[in-house]
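Asker: Provided herewith: run-v2.cif, mmCIF, C-alpha atoms.
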```
data_start
loop_
_atom_site.label_atom_id
_atom_site.label_comp_id
_atom_site.auth_asym_id
_atom_site.auth_seq_id
_atom_site.Cartn_x
_atom_site.Cartn_y
_atom_site.Cartn_z
CA MET A 7 -20.62 5.39 17.81
CA THR A 8 -20.99 4.18 21.39
CA PRO A 9 -18.35 5.28 23.90
CA ASP A 10 -15.84 2.73 25.09
CA PRO A 11 -16.71 1.01 28.35
CA PRO A 12 -14.70 2.38 31.27
CA ALA A 13 -13.47 -1.09 32.19
CA SER A 14 -9.84 -1.53 31.22
CA THR A 15 -9.86 -5.26 30.95
CA SER A 16 -8.03 -6.87 28.09
CA ARG A 17 -11.29 -8.09 26.64
CA ALA A 18 -12.86 -4.62 26.62
CA ARG A 19 -9.78 -3.11 24.98
CA PHE A 20 -9.70 -5.87 22.37
CA LEU A 21 -13.36 -5.28 21.50
CA ALA A 22 -12.79 -1.52 21.36
CA GLY A 23 -10.07 -2.16 18.78
CA VAL A 24 -12.41 -4.36 16.76
CA ARG A 25 -15.16 -1.77 16.85
CA ARG A 26 -12.93 1.15 15.83
CA GLU A 27 -11.37 -0.83 13.00
CA LEU A 28 -14.61 -2.12 11.46
CA PRO A 29 -15.43 0.95 9.33
CA LEU A 30 -11.89 0.99 7.92
CA ALA A 31 -12.00 -2.76 7.33
CA LEU A 32 -15.19 -2.36 5.33
CA GLY A 33 -13.45 0.38 3.38
CA VAL A 34 -10.63 -1.92 2.25
CA THR A 35 -13.00 -4.69 1.13
CA PRO A 36 -13.27 -3.45 -2.48
CA PHE A 37 -9.47 -3.29 -2.66
CA GLY A 38 -9.18 -6.87 -1.45
CA LEU A 39 -11.58 -7.87 -4.21
CA ILE A 40 -9.71 -5.86 -6.84
CA TYR A 41 -6.39 -7.27 -5.64
CA GLY A 42 -7.68 -10.83 -6.06
CA VAL A 43 -9.00 -10.13 -9.55
CA LEU A 44 -5.83 -8.27 -10.54
CA ALA A 45 -3.52 -11.01 -9.28
CA LEU A 46 -5.11 -13.53 -11.61
CA ALA A 47 -5.13 -11.04 -14.50
CA ALA A 48 -1.38 -10.57 -13.96
CA GLY A 49 -0.86 -14.32 -14.28
CA LEU A 50 -0.35 -15.40 -10.67
CA PRO A 51 -1.67 -18.81 -9.67
CA PRO A 52 -4.74 -18.44 -7.42
CA TRP A 53 -3.10 -20.12 -4.40
CA LEU A 54 -0.17 -17.71 -4.55
CA ALA A 55 -2.47 -14.70 -4.82
CA VAL A 56 -4.23 -15.84 -1.63
CA ALA A 57 -0.99 -16.76 0.11
CA MET A 58 0.46 -13.30 -0.58
CA SER A 59 -2.34 -11.70 1.42
CA SER A 60 -1.29 -13.54 4.57
CA ILE A 61 2.48 -13.62 3.93
CA VAL A 62 2.88 -9.95 2.98
CA PHE A 63 -0.38 -8.45 4.30
CA ALA A 64 0.20 -4.95 2.87
CA GLY A 65 -2.22 -3.65 0.27
CA SER A 66 -0.14 -1.34 -1.90
CA ALA A 67 2.93 -3.62 -1.78
CA GLN A 68 0.74 -6.52 -2.90
CA PHE A 69 -0.62 -4.54 -5.85
CA ILE A 70 2.91 -3.62 -6.91
CA GLY A 71 4.26 -7.13 -6.28
CA VAL A 72 1.58 -8.69 -8.44
CA GLN A 73 2.34 -6.30 -11.28
CA LEU A 74 6.10 -6.86 -11.09
CA ILE A 75 5.89 -10.64 -10.71
CA GLY A 76 3.42 -10.76 -13.60
CA ALA A 77 5.86 -8.72 -15.72
CA GLY A 78 8.63 -11.21 -14.93
CA ALA A 79 10.77 -8.85 -12.85
CA PRO A 80 13.62 -10.55 -10.96
CA PRO A 81 12.95 -11.35 -7.29
CA ALA A 82 15.55 -8.84 -6.06
CA ILE A 83 13.73 -5.96 -7.78
CA VAL A 84 10.34 -7.07 -6.46
CA ILE A 85 11.67 -7.34 -2.92
CA LEU A 86 13.58 -4.04 -3.10
CA THR A 87 10.50 -2.21 -4.38
CA THR A 88 8.39 -3.79 -1.63
CA PHE A 89 10.89 -2.59 0.92
CA ILE A 90 10.86 0.99 -0.39
CA VAL A 91 7.08 1.14 -0.50
CA ASN A 92 6.73 -0.30 3.00
CA LEU A 93 9.31 1.94 4.66
CA ARG A 94 6.43 4.05 5.88
CA HIS A 95 5.57 1.26 8.29
CA ALA A 96 8.79 2.11 10.09
CA LEU A 97 7.19 5.43 11.03
CA TYR A 98 4.25 3.61 12.58
CA GLY A 99 6.58 1.42 14.60
CA PHE A 100 8.51 4.44 15.86
CA SER A 101 5.31 6.24 16.70
CA LEU A 102 3.73 3.36 18.64
CA SER A 103 6.80 2.02 20.42
CA PRO A 104 6.71 4.49 23.35
CA TYR A 105 3.23 3.17 24.14
CA LEU A 106 4.21 -0.49 23.88
CA ARG A 107 7.18 -0.84 26.22
CA ALA A 108 8.53 -3.99 27.84
CA LEU A 109 6.11 -6.48 26.35
CA PRO A 110 7.01 -10.16 25.96
CA ASP A 111 8.77 -10.75 22.64
CA ARG A 112 5.91 -12.78 21.21
CA TRP A 113 3.67 -9.71 21.52
CA TYR A 114 6.02 -7.60 19.39
CA ALA A 115 6.23 -10.43 16.89
CA LEU A 116 2.45 -10.59 16.59
CA LEU A 117 1.66 -6.86 16.71
CA ALA A 118 4.32 -6.07 14.11
CA TYR A 119 2.69 -8.53 11.72
CA LEU A 120 -0.64 -6.73 12.15
CA LEU A 121 0.74 -3.17 11.84
CA THR A 122 -0.96 -1.90 8.67
CA ASP A 123 -1.91 1.66 7.67
CA GLU A 124 -5.48 1.07 8.78
CA ALA A 125 -4.65 -0.55 12.13
CA TYR A 126 -2.14 2.20 12.92
CA ALA A 127 -4.64 4.95 12.10
CA VAL A 128 -7.13 3.93 14.79
CA THR A 129 -4.50 2.73 17.28
CA ILE A 130 -2.47 5.94 17.51
CA ILE A 131 -5.66 7.93 18.09
CA ASP A 132 -6.66 5.58 20.88
CA TYR A 133 -3.23 5.55 22.53
CA ARG A 134 -3.01 9.32 22.62
CA ARG A 135 -6.35 9.53 24.36
CA GLU A 136 -6.46 6.45 26.54
CA ALA A 137 -4.53 6.48 29.82
CA ASP A 138 -4.69 2.75 30.52
CA ALA A 139 -1.16 1.58 29.79
CA ILE A 140 -1.49 -2.04 30.81
CA HIS A 141 -3.97 -3.32 28.27
CA ARG A 142 -2.97 -1.19 25.29
CA ARG A 143 -1.63 -4.13 23.36
CA TRP A 144 -5.12 -5.63 23.18
CA PHE A 145 -6.52 -2.66 21.28
CA LEU A 146 -3.98 -3.01 18.46
CA LEU A 147 -4.51 -6.76 18.48
CA GLY A 148 -8.28 -6.33 18.05
CA ALA A 149 -7.89 -3.70 15.33
CA GLY A 150 -5.20 -5.67 13.52
CA LEU A 151 -7.03 -9.00 13.57
CA THR A 152 -10.21 -7.34 12.33
CA LEU A 153 -8.47 -5.88 9.32
CA TRP A 154 -6.57 -9.12 8.73
CA THR A 155 -9.75 -11.21 8.65
CA VAL A 156 -11.59 -8.85 6.30
CA TRP A 157 -8.55 -8.62 4.00
CA GLN A 158 -8.17 -12.41 3.72
CA VAL A 159 -11.86 -12.99 3.05
CA SER A 160 -12.11 -10.24 0.43
CA THR A 161 -8.95 -11.52 -1.28
CA VAL A 162 -10.37 -15.04 -1.56
CA VAL A 163 -13.64 -13.69 -2.94
CA GLY A 164 -11.71 -11.55 -5.43
CA VAL A 165 -9.72 -14.56 -6.62
CA LEU A 166 -12.89 -16.64 -7.00
CA VAL A 167 -14.63 -13.85 -8.92
CA GLY A 168 -11.53 -13.09 -10.99
CA ALA A 169 -11.34 -16.69 -12.18
CA GLN A 170 -14.80 -16.25 -13.78
CA LEU A 171 -14.07 -12.98 -15.62
CA PRO A 172 -13.03 -12.95 -19.29
CA PRO A 173 -9.53 -11.53 -20.01
CA GLY A 174 -10.96 -9.12 -22.61
CA TRP A 175 -12.13 -6.87 -19.81
CA ALA A 176 -8.53 -5.69 -19.28
CA LEU A 177 -8.93 -5.63 -15.52
CA ASP A 178 -5.17 -5.26 -15.11
CA PHE A 179 -5.84 -1.59 -15.92
CA THR A 180 -7.37 -1.24 -12.44
CA LEU A 181 -3.80 -1.21 -11.08
CA ALA A 182 -2.89 2.02 -12.88
CA LEU A 183 -6.27 3.50 -11.99
CA THR A 184 -5.83 2.64 -8.30
CA PHE A 185 -2.46 4.37 -8.25
CA ILE A 186 -3.85 7.41 -10.09
CA GLY A 187 -6.54 7.61 -7.42
CA LEU A 188 -3.90 7.48 -4.69
CA VAL A 189 -1.30 9.83 -6.19
CA VAL A 190 -3.22 12.61 -7.93
CA PRO A 191 -4.85 13.98 -4.73
CA THR A 192 -1.36 14.31 -3.16
CA LEU A 193 -0.16 16.64 -5.93
CA ARG A 194 -1.05 19.81 -4.04
CA ASP A 195 2.42 21.18 -3.32
CA ARG A 196 5.53 21.79 -5.38
CA PRO A 197 7.78 19.04 -3.96
CA ASN A 198 5.14 16.36 -4.59
CA ILE A 199 4.37 17.64 -8.08
CA ALA A 200 8.07 17.75 -8.92
CA ALA A 201 8.59 14.26 -7.48
CA ALA A 202 5.80 12.90 -9.68
CA ILE A 203 6.94 14.68 -12.86
CA SER A 204 10.59 13.69 -12.49
CA ALA A 205 9.69 10.08 -11.64
CA GLY A 206 7.39 9.98 -14.66
CA ILE A 207 10.01 11.36 -17.06
CA ILE A 208 12.69 8.94 -15.85
CA ALA A 209 10.18 6.07 -16.06
CA VAL A 210 9.70 6.84 -19.78
CA LEU A 211 13.39 7.43 -20.56
CA ALA A 212 14.64 4.40 -18.61
CA HIS A 213 11.87 2.02 -19.58
CA GLY A 214 14.19 -0.04 -21.76
CA LEU A 215 16.52 -0.95 -18.89
CA PRO A 216 16.56 -4.63 -17.97
CA TYR A 217 15.09 -6.12 -14.77
CA GLN A 218 12.65 -3.23 -14.31
CA LEU A 219 15.62 -1.17 -13.14
CA GLY A 220 14.01 1.82 -14.83
CA LEU A 221 11.31 1.66 -12.18
CA VAL A 222 13.85 1.73 -9.38
CA ALA A 223 15.76 4.60 -11.01
CA ALA A 224 12.58 6.61 -11.57
CA SER A 225 11.45 6.08 -7.97
CA LEU A 226 14.80 7.14 -6.51
CA VAL A 227 15.01 10.26 -8.68
CA GLY A 228 11.46 11.25 -7.74
CA ILE A 229 12.13 10.77 -4.02
CA LEU A 230 15.37 12.77 -4.21
CA VAL A 231 13.80 15.63 -6.18
CA GLY A 232 10.88 15.89 -3.73
CA THR A 233 13.14 15.83 -0.67
CA TRP A 234 15.60 18.31 -2.16
CA LEU A 235 12.87 20.80 -3.11
CA GLU A 236 11.33 20.61 0.35
CA ARG A 237 14.64 21.39 2.02
CA ARG A 238 15.20 24.39 -0.25
CA VAL A 239 11.84 25.99 0.55
CA MET B 18 8.63 -21.94 -6.92
CA ILE B 19 10.64 -18.80 -7.66
CA GLN B 20 7.41 -16.82 -7.46
CA PHE B 21 6.66 -18.28 -4.04
CA LEU B 22 10.17 -17.46 -2.80
CA THR B 23 9.74 -13.92 -4.09
CA VAL B 24 6.52 -13.57 -2.10
CA LEU B 25 8.30 -14.92 0.99
CA GLY B 26 11.01 -12.29 0.52
CA MET B 27 8.37 -9.56 0.17
CA GLY B 28 6.79 -10.80 3.38
CA LEU B 29 10.11 -10.79 5.19
CA VAL B 30 11.11 -7.22 4.30
CA THR B 31 7.58 -5.98 5.03
CA TYR B 32 7.68 -7.65 8.43
CA LEU B 33 11.08 -6.17 9.23
CA THR B 34 9.92 -2.62 8.39
CA ARG B 35 7.19 -3.16 10.97
CA LEU B 36 9.05 -5.07 13.67
CA VAL B 37 12.43 -3.37 13.93
CA PRO B 38 11.23 0.17 14.72
CA LEU B 39 8.46 -1.10 16.98
CA HIS B 40 10.67 -3.36 19.04
CA TYR B 41 14.31 -2.36 18.76
CA LEU B 42 14.58 1.26 17.71
CA GLY B 43 11.75 2.72 19.75
CA ARG B 44 13.96 4.75 22.06
CA LYS B 45 15.92 6.46 19.29
CA GLN B 46 15.00 9.70 17.59
CA LEU B 47 14.35 9.56 13.88
CA PRO B 48 16.44 12.06 11.86
CA ALA B 49 14.39 14.76 10.16
CA TRP B 50 15.62 13.96 6.65
CA SER B 51 14.22 10.45 6.85
CA LEU B 52 10.75 11.79 7.58
CA GLN B 53 10.99 14.19 4.63
CA THR B 54 12.19 11.45 2.33
CA MET B 55 9.37 9.11 3.26
CA ARG B 56 6.80 11.69 2.32
CA TYR B 57 7.75 11.38 -1.37
CA ILE B 58 8.09 7.61 -1.62
CA PRO B 59 4.45 6.86 -2.52
CA THR B 60 4.25 9.70 -5.05
CA ALA B 61 7.46 8.69 -6.82
CA VAL B 62 7.01 4.91 -6.84
CA LEU B 63 3.33 4.88 -7.78
CA THR B 64 3.83 7.48 -10.52
CA ALA B 65 6.72 5.51 -12.02
CA ILE B 66 4.62 2.33 -12.15
CA THR B 67 1.54 4.11 -13.48
CA VAL B 68 3.47 5.80 -16.30
CA GLY B 69 4.83 2.44 -17.41
CA GLU B 70 1.39 0.83 -17.27
CA VAL B 71 -0.37 3.58 -19.22
CA LEU B 72 2.19 4.77 -21.77
CA PHE B 73 3.74 1.45 -22.77
CA ARG B 74 2.11 -1.43 -24.62
CA ASP B 75 4.13 -4.61 -25.21
CA GLY B 76 7.33 -2.80 -24.25
CA ARG B 77 6.88 0.08 -26.71
CA LEU B 78 5.92 3.68 -26.09
CA ALA B 79 2.27 3.99 -27.17
CA VAL B 80 0.95 7.54 -27.17
CA GLY B 81 -1.27 7.30 -30.25
CA ILE B 82 -5.05 7.32 -30.38
CA ASP B 83 -5.17 3.51 -30.46
CA ASN B 84 -3.94 3.39 -26.84
CA HIS B 85 -7.28 3.72 -25.09
CA ARG B 86 -5.68 3.57 -21.66
CA LEU B 87 -4.22 7.03 -22.13
CA PRO B 88 -7.44 9.07 -22.41
CA ALA B 89 -9.09 6.85 -19.78
CA ALA B 90 -6.18 7.50 -17.41
CA ILE B 91 -6.39 11.26 -18.01
CA LEU B 92 -10.11 11.22 -17.22
CA ALA B 93 -9.39 9.14 -14.11
CA GLY B 94 -6.79 11.73 -13.06
CA ILE B 95 -9.38 14.51 -13.32
CA VAL B 96 -11.86 12.47 -11.26
CA ALA B 97 -9.18 11.75 -8.66
CA TRP B 98 -8.21 15.42 -8.46
CA ARG B 99 -11.78 16.61 -7.96
CA SER B 100 -13.13 13.81 -5.76
CA GLY B 101 -10.11 12.43 -3.91
CA ASN B 102 -11.97 9.10 -4.04
CA VAL B 103 -9.97 6.06 -5.18
CA LEU B 104 -12.96 3.81 -5.91
CA LEU B 105 -14.70 6.47 -7.96
CA THR B 106 -11.46 6.96 -9.91
CA ILE B 107 -11.25 3.24 -10.73
CA VAL B 108 -14.88 3.06 -11.83
CA ALA B 109 -14.64 6.17 -14.01
CA GLY B 110 -11.41 5.01 -15.65
CA MET B 111 -12.66 1.49 -16.38
CA LEU B 112 -15.96 2.76 -17.80
CA ALA B 113 -14.15 5.25 -20.04
CA PHE B 114 -11.77 2.51 -21.21
CA TRP B 115 -14.54 0.02 -22.00
CA LEU B 116 -16.57 2.69 -23.76
CA LEU B 117 -13.61 3.55 -26.00
CA GLN B 118 -13.02 -0.14 -26.75
CA ILE B 119 -16.65 -0.54 -27.85
CA LEU B 120 -16.93 2.73 -29.78
CA VAL B 121 -13.61 2.66 -31.59
CA ALA B 122 -13.29 -1.07 -32.24
#
```
Written as structure tokens, how would this file's structure read?
Answerer:
Amino acid sequence: MTPDPPASTSRARFLAGVRRELPLALGVTPFGLIYGVLALAAGLPPWLAVAMSSIVFAGSAQFIGVQLIGAGAPPAIVILTTFIVNLRHALYGFSLSPYLRALPDRWYALLAYLLTDEAYAVTIIDYRREADAIHRRWFLLGAGLTLWTVWQVSTVVGVLVGAQLPPGWALDFTLALTFIGLVVPTLRDRPNIAAAISAGIIAVLAHGLPYQLGLVAASLVGILVGTWLERRV
Amino acid sequence: MIQFLTVLGMGLVTYLTRLVPLHYLGRKQLPAWSLQTMRYIPTAVLTAITVGEVLFRDGRLAVGIDNHRLPAAILAGIVAWRSGNVLLTIVAGMLAFWLLQILVA
């Protein structure tokens, strides 16, 4: 990796953001592809699968949304679940806001749209290290636009590929496998393990509830159990 | 149409979770409990969805040997635990599932 140029022009900061984001953007490419394939397997029309990537622009929420919409869940449940899953973005906003003071409103509007896990990860590292306060916004803009572009392209490719694949391949199973890959490595401490087990048990017991309410109930119980155990320790 | 409106709603709440803290709440301190709570959101939500996807077929609990997703998911869990790699987990799980489909069917 080459060091950033000392110049603190907006252009240099923008390009630094692009460069730092590129490895992460390449990393999400397979997930953009899988998302596109999965969206069609779940029964979404191709145009909506593509539109979701620019309207929502949040990987895990899109995976969940596709599954719930495909299962015929009511809009309120889909939107509520999206909200719960994306609450973590609030942490990113809190964490970056001291570095991004007194910008014109249109900058907040744009940067908020681009504030994903991957853009935040490189941006907070840069902001903690970089003294230049004037051109900070350009770094996040560069990182965010890089990820945005790669995500849109990989989604379109995934939708095009998914349209060619036979349904017998059961590619909807990749959803569960993706989540297993995300969750299992977090099960290293008691609160997380208890959160997973209790959410899983409630998910089985409450599966018959209408409107996918069982999912909401299981999530809330898991979150409460994890939080409660952590406070006790 | 209803699907499109749902996606718009998803986009709106996602955008608000990003915009409000960045722009309006930046000067406030976040209470400690909210940080603790957020740590368990992914674990709880993703587990709840995964359990439904793996253990239920056509709305019924399916834990018999004819549910090939179950052993494939268990194998995927072992791969995830040992590797911590999401892509590897997906590949291992899909291969195990397809293999069972071919061998048993």
Asker: Selected by the PyMOL selection byres ((chain A and resi 221-237) around 8) in the shown coordinates: which residues, as a VMD selection string?
Answerer: (chain A and resid 83 87 196 to 198 200 to 209 212 to 213 218 to 220 238 to 239) or (chain B and resid 50 53 to 55 57 to 58 60 to 62 65 to 66)
Asker: Residues of chain A within 7 Å of chain B, using only C-alpha atoms, as a VMD selection string?
Answerer: chain A and resid 54 58 61 to 62 81 85 88 to 89 91 to 96 99 to 100 102 to 104 114 to 115 118 to 119 121 180 182 to 191 198 201 to 202 205 to 206 209 to 210 221 224 to 225 228 to 229 232 to 233
Asker: Apply the PyMOL selection byres ((chain A and resi 73) around 10) to the structure shown and report the selected residues as a PDB file with C-alpha atoms, in the frame of the given file.
Answerer:
```
ATOM      1  CA  LEU A  44      -5.830  -8.270 -10.540  1.00  0.00           C
ATOM      2  CA  ALA A  45      -3.520 -11.010  -9.280  1.00  0.00           C
ATOM      3  CA  ALA A  47      -5.130 -11.040 -14.500  1.00  0.00           C
ATOM      4  CA  ALA A  48      -1.380 -10.570 -13.960  1.00  0.00           C
ATOM      5  CA  GLY A  49      -0.860 -14.320 -14.280  1.00  0.00           C
ATOM      6  CA  LEU A  50      -0.350 -15.400 -10.670  1.00  0.00           C
ATOM      7  CA  ALA A  67       2.930  -3.620  -1.780  1.00  0.00           C
ATOM      8  CA  GLN A  68       0.740  -6.520  -2.900  1.00  0.00           C
ATOM      9  CA  PHE A  69      -0.620  -4.540  -5.850  1.00  0.00           C
ATOM     10  CA  ILE A  70       2.910  -3.620  -6.910  1.00  0.00           C
ATOM     11  CA  GLY A  71       4.260  -7.130  -6.280  1.00  0.00           C
ATOM     12  CA  VAL A  72       1.580  -8.690  -8.440  1.00  0.00           C
ATOM     13  CA  LEU A  74       6.100  -6.860 -11.090  1.00  0.00           C
ATOM     14  CA  ILE A  75       5.890 -10.640 -10.710  1.00  0.00           C
ATOM     15  CA  GLY A  76       3.420 -10.760 -13.600  1.00  0.00           C
ATOM     16  CA  ALA A  77       5.860  -8.720 -15.720  1.00  0.00           C
ATOM     17  CA  GLY A  78       8.630 -11.210 -14.930  1.00  0.00           C
ATOM     18  CA  ALA A  79      10.770  -8.850 -12.850  1.00  0.00           C
ATOM     19  CA  VAL A  84      10.340  -7.070  -6.460  1.00  0.00           C
ATOM     20  CA  ASP A 178      -5.170  -5.260 -15.110  1.00  0.00           C
ATOM     21  CA  LEU A 181      -3.800  -1.210 -11.080  1.00  0.00           C
ATOM     22  CA  ALA A 182      -2.890   2.020 -12.880  1.00  0.00           C
TER      23      ALA A 182
ATOM     24  CA  ILE B  66       4.620   2.330 -12.150  1.00  0.00           C
ATOM     25  CA  GLU B  70       1.390   0.830 -17.270  1.00  0.00           C
TER      26      GLU B  70
END
```
Asker: Please report the interatomic distance between atom CA of A:Gly23 and atom CA of A:Leu146 in Å with one decimal.
Answerer: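 Those two atoms sit 6.2 Å apart.
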Asker: Given the point (-2.0, -3.3, 30.1) in the coordinates of this file, which residues lie within 12 Å, counting all atoms listed in the file, and how would they look as a PyMOL selection string?
Answerer: chain A and resi 13-20+105-109+133+136-146
Asker: How would you write as an MDAnalysis selection string the residues that get within 12 Å of (-13.9, -0.5, 16.5) in the file's frame, counting all atoms listed in the file?
Answerer: chainID A and resid 7:10 18:32 124:125 127:129 131:132 145:153
Asker: Using atom CA of A:Ala64 and atom CA of A:Ala176 as the two end points, give the distance in Å to one decimal.
Answerer: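 Value for the atom CA of A:Ala64-atom CA of A:Ala176 distance: 23.8 Å.
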Asker: Rounded to one decimal in Å, what is the spacing between atom CA of A:Tyr98 and atom CA of A:Leu39?
Answerer: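 Atom CA of A:Leu39 lies 25.8 Å from atom CA of A:Tyr98.
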Asker: Padding 4 Å on each side, edges along x, y and z: where is the centre of the box around the listed atoms of stretch 117-127 of chain A, and how long are its edges in Å to one decimal? Output it as lines of an AutoDock Vina configuration file.
Answerer:
```
center_x = -0.6
center_y = -1.8
center_z = 12.2
size_x = 17.8
size_y = 21.5
size_z = 17.0
```
Asker: Name the residues in contact with A:Trp157 at a cut-off of 7 Å, using only C-alpha atoms, excluding same-chain residues fewer than 4 positions from it; report them as a short mmCIF file (atom, residue, chain, number, x, y, z; two decimals) with C-alpha atoms, in the frame of the given file.
Answerer:
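Contents of out_10.cif, freshly written:
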```cif
data_model
loop_
_atom_site.label_atom_id
_atom_site.label_comp_id
_atom_site.auth_asym_id
_atom_site.auth_seq_id
_atom_site.Cartn_x
_atom_site.Cartn_y
_atom_site.Cartn_z
CA THR A 35 -13.00 -4.69 1.13
CA GLY A 38 -9.18 -6.87 -1.45
CA LEU A 153 -8.47 -5.88 9.32
CA THR A 161 -8.95 -11.52 -1.28
#
```
Asker: Do you know which residues the PyMOL selection byres ((chain A and resi 162) around 10) returns on this file, as a ChimeraX atom specification?
Answerer: /A:38-39,41-43,52-53,55-57,59,157-161,163-168
Asker: Output stretch 23-30 of chain B with all heavy atoms present, as a short mmCIF file (atom, residue, chain, number, x, y, z; two decimals), in the frame of the given file.
Answerer:
```cif
data_model
loop_
_atom_site.label_atom_id
_atom_site.label_comp_id
_atom_site.auth_asym_id
_atom_site.auth_seq_id
_atom_site.Cartn_x
_atom_site.Cartn_y
_atom_site.Cartn_z
N THR B 23 9.81 -15.37 -3.99
CA THR B 23 9.74 -13.92 -4.09
C THR B 23 8.72 -13.36 -3.10
O THR B 23 8.98 -12.37 -2.41
CB THR B 23 9.34 -13.50 -5.52
OG1 THR B 23 10.24 -14.11 -6.44
CG2 THR B 23 9.37 -12.01 -5.69
N VAL B 24 7.56 -14.02 -3.03
CA VAL B 24 6.52 -13.57 -2.10
C VAL B 24 7.01 -13.70 -0.65
O VAL B 24 6.78 -12.81 0.18
CB VAL B 24 5.22 -14.36 -2.33
CG1 VAL B 24 4.20 -14.06 -1.23
CG2 VAL B 24 4.63 -14.03 -3.69
N LEU B 25 7.73 -14.77 -0.35
CA LEU B 25 8.30 -14.92 0.99
C LEU B 25 9.25 -13.76 1.31
O LEU B 25 9.25 -13.21 2.41
CB LEU B 25 9.05 -16.25 1.11
CG LEU B 25 8.23 -17.51 1.40
CD1 LEU B 25 9.16 -18.70 1.61
CD2 LEU B 25 7.34 -17.32 2.63
N GLY B 26 10.08 -13.41 0.33
CA GLY B 26 11.01 -12.29 0.52
C GLY B 26 10.28 -10.99 0.74
O GLY B 26 10.66 -10.17 1.61
N MET B 27 9.20 -10.76 -0.03
CA MET B 27 8.37 -9.56 0.17
C MET B 27 7.82 -9.54 1.58
O MET B 27 7.80 -8.50 2.25
CB MET B 27 7.19 -9.56 -0.82
CG MET B 27 7.55 -9.33 -2.27
SD MET B 27 6.06 -9.56 -3.31
CE MET B 27 5.04 -8.18 -2.75
N GLY B 28 7.35 -10.71 2.03
CA GLY B 28 6.79 -10.80 3.38
C GLY B 28 7.83 -10.49 4.44
O GLY B 28 7.56 -9.78 5.41
N LEU B 29 9.05 -10.99 4.21
CA LEU B 29 10.11 -10.79 5.19
C LEU B 29 10.48 -9.31 5.33
O LEU B 29 10.55 -8.77 6.45
CB LEU B 29 11.34 -11.61 4.81
CG LEU B 29 12.51 -11.52 5.78
CD1 LEU B 29 12.15 -12.18 7.10
CD2 LEU B 29 13.76 -12.16 5.19
N VAL B 30 10.70 -8.63 4.19
CA VAL B 30 11.11 -7.22 4.30
C VAL B 30 9.96 -6.37 4.85
O VAL B 30 10.19 -5.42 5.60
CB VAL B 30 11.62 -6.63 2.95
CG1 VAL B 30 12.89 -7.32 2.52
CG2 VAL B 30 10.56 -6.67 1.87
#
```
